[in-house]
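*Asks:* To start, I am sharing the structure in question, which I have written as structure tokens.
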Amino acid sequence: MMMIVAMIACAVCLVLALVRTALGPTAFDRVLAVNAMGTLVILGIALHGFVMGRPEFVDIALLYAILNFIGTFAVLKIFSTGSLGDKSAGSK
Amino acid sequence: MMDMLITILSGLSIAIGVVALLIGSLGLIRLPDVFCRIHAVGMIDTAGASFIILGMIIHQGFSLVSVKLLLIGIFLFFTSPIATHAVAQVAHKMGVKPVGRDLVKKSPAKRAGKNTARNKTGKTASAASEKGKS
């Protein structure tokens, strides 16, 4: 019962973070909101697995946690240096 | 009896996590600045995620699934502060000004006099006030 409430709360928080992603003034607001959305999606996947009686969904949540971290750092590195580390693509 | 206790504990923990999630995403909407919104995202990432994962672990008991949940919790607990710190660092490097800078600039400048009112940072104003003290 409590997990269904938590899933609904995750959905509400996802909508609020999506609003901040849409109207964030700078790009960093958007990166921050997408990072928070990633965390909420992780929680939502794990809770969905428990509600549906298949806790194996936790593996997918773990994968999402790793991808969220890597993706945030990739976007931030593109913002700060203009490339992902390869010399030929970044330098003009 | 034990079953009831486990249900109550996991429900309570998930409820605390839900409250933290709602507070965090409300702060993400309402706060005025990137550097302020980082606080709200930290609330979501640490308090909300940790308590909800703790509730799921209590609900599950000791098995492989709870070990994986613990792994997710540890990973989020260590990586989300790193991610928000990186966001703050890159935003500062790319020249995003914090909103509260004006509040800091106005109050010491009035005390120190009108000569230092045009200074950029609070450093010279505080130095001027130290001069006035000595």
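Lettering and numbering for the structure tokens are positional, with chains as A, B, ... in the shown order, residues counted from 1 in each chain, and ligands counted from 1 in the shown order.
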Identify all residues of chain A in helix (DSSP H, G or I) (DSSP on the backbone) and supply them as an NGL selection string.

*Replies:* :A and (2-23 or 27-51 or 55-81 or 87-90)

*Asks:* Would you mind listing what lies within 8 Å of Phe77 (chain B) as a VMD selection string, with only C-alpha atoms counted and same-chain residues fewer than 6 positions away left out?

*Replies:* chain B and resid 45 to 46 50

*Asks:* Give me the chain A side of the contact with chain B, cut-off 7 Å, one line per residue showing its nearest atom pair and distance in Å at one decimal, counting only C-alpha atoms, sorted by chain and residue number, as a tab-separated table.

*Replies:*
residue	atom	partner	partner_atom	distance
A:Met2	CA	B:Gly11	CA	5.7
A:Ala6	CA	B:Val18	CA	5.9
A:Ala9	CA	B:Val18	CA	6.4
A:Cys13	CA	B:Ser25	CA	5.6
A:Leu16	CA	B:Ser25	CA	6.2
A:Ala17	CA	B:Ser25	CA	6.4
A:Arg20	CA	B:Ile29	CA	6.0
A:Phe28	CA	B:Ala91	CA	6.4
A:Asp29	CA	B:Val34	CA	5.7
A:Ala36	CA	B:Val41	CA	6.1
A:Thr39	CA	B:Asp45	CA	6.6
A:Leu43	CA	B:Ala49	CA	6.8
A:Pro55	CA	B:Val65	CA	6.7
A:Val58	CA	B:Leu69	CA	6.7
A:Leu62	CA	B:Ile72	CA	5.6
A:Phe69	CA	B:Thr79	CA	6.9
A:Thr72	CA	B:Ala83	CA	7.0
A:Leu76	CA	B:Val87	CA	6.9
A:Ser80	CA	B:Val90	CA	6.2

*Asks:* When distances are computed from only C-alpha atoms, which of A:Leu84, A:Glu56, A:Ala61, A:Ala74 shows the smallest separation from Ser63 (chain B)?

*Replies:*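 Residue with the minimum atom-to-atom distance to Ser63 (chain B): A:Glu56.
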
*Asks:* For the atom pair CA of Leu70 (chain B) and CA of Leu54 (chain B), what is the interatomic distance in Å to one decimal place?

*Replies:*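 Straight-line distance from CA of Leu70 (chain B) to CA of Leu54 (chain B) works out to 8.0 Å.
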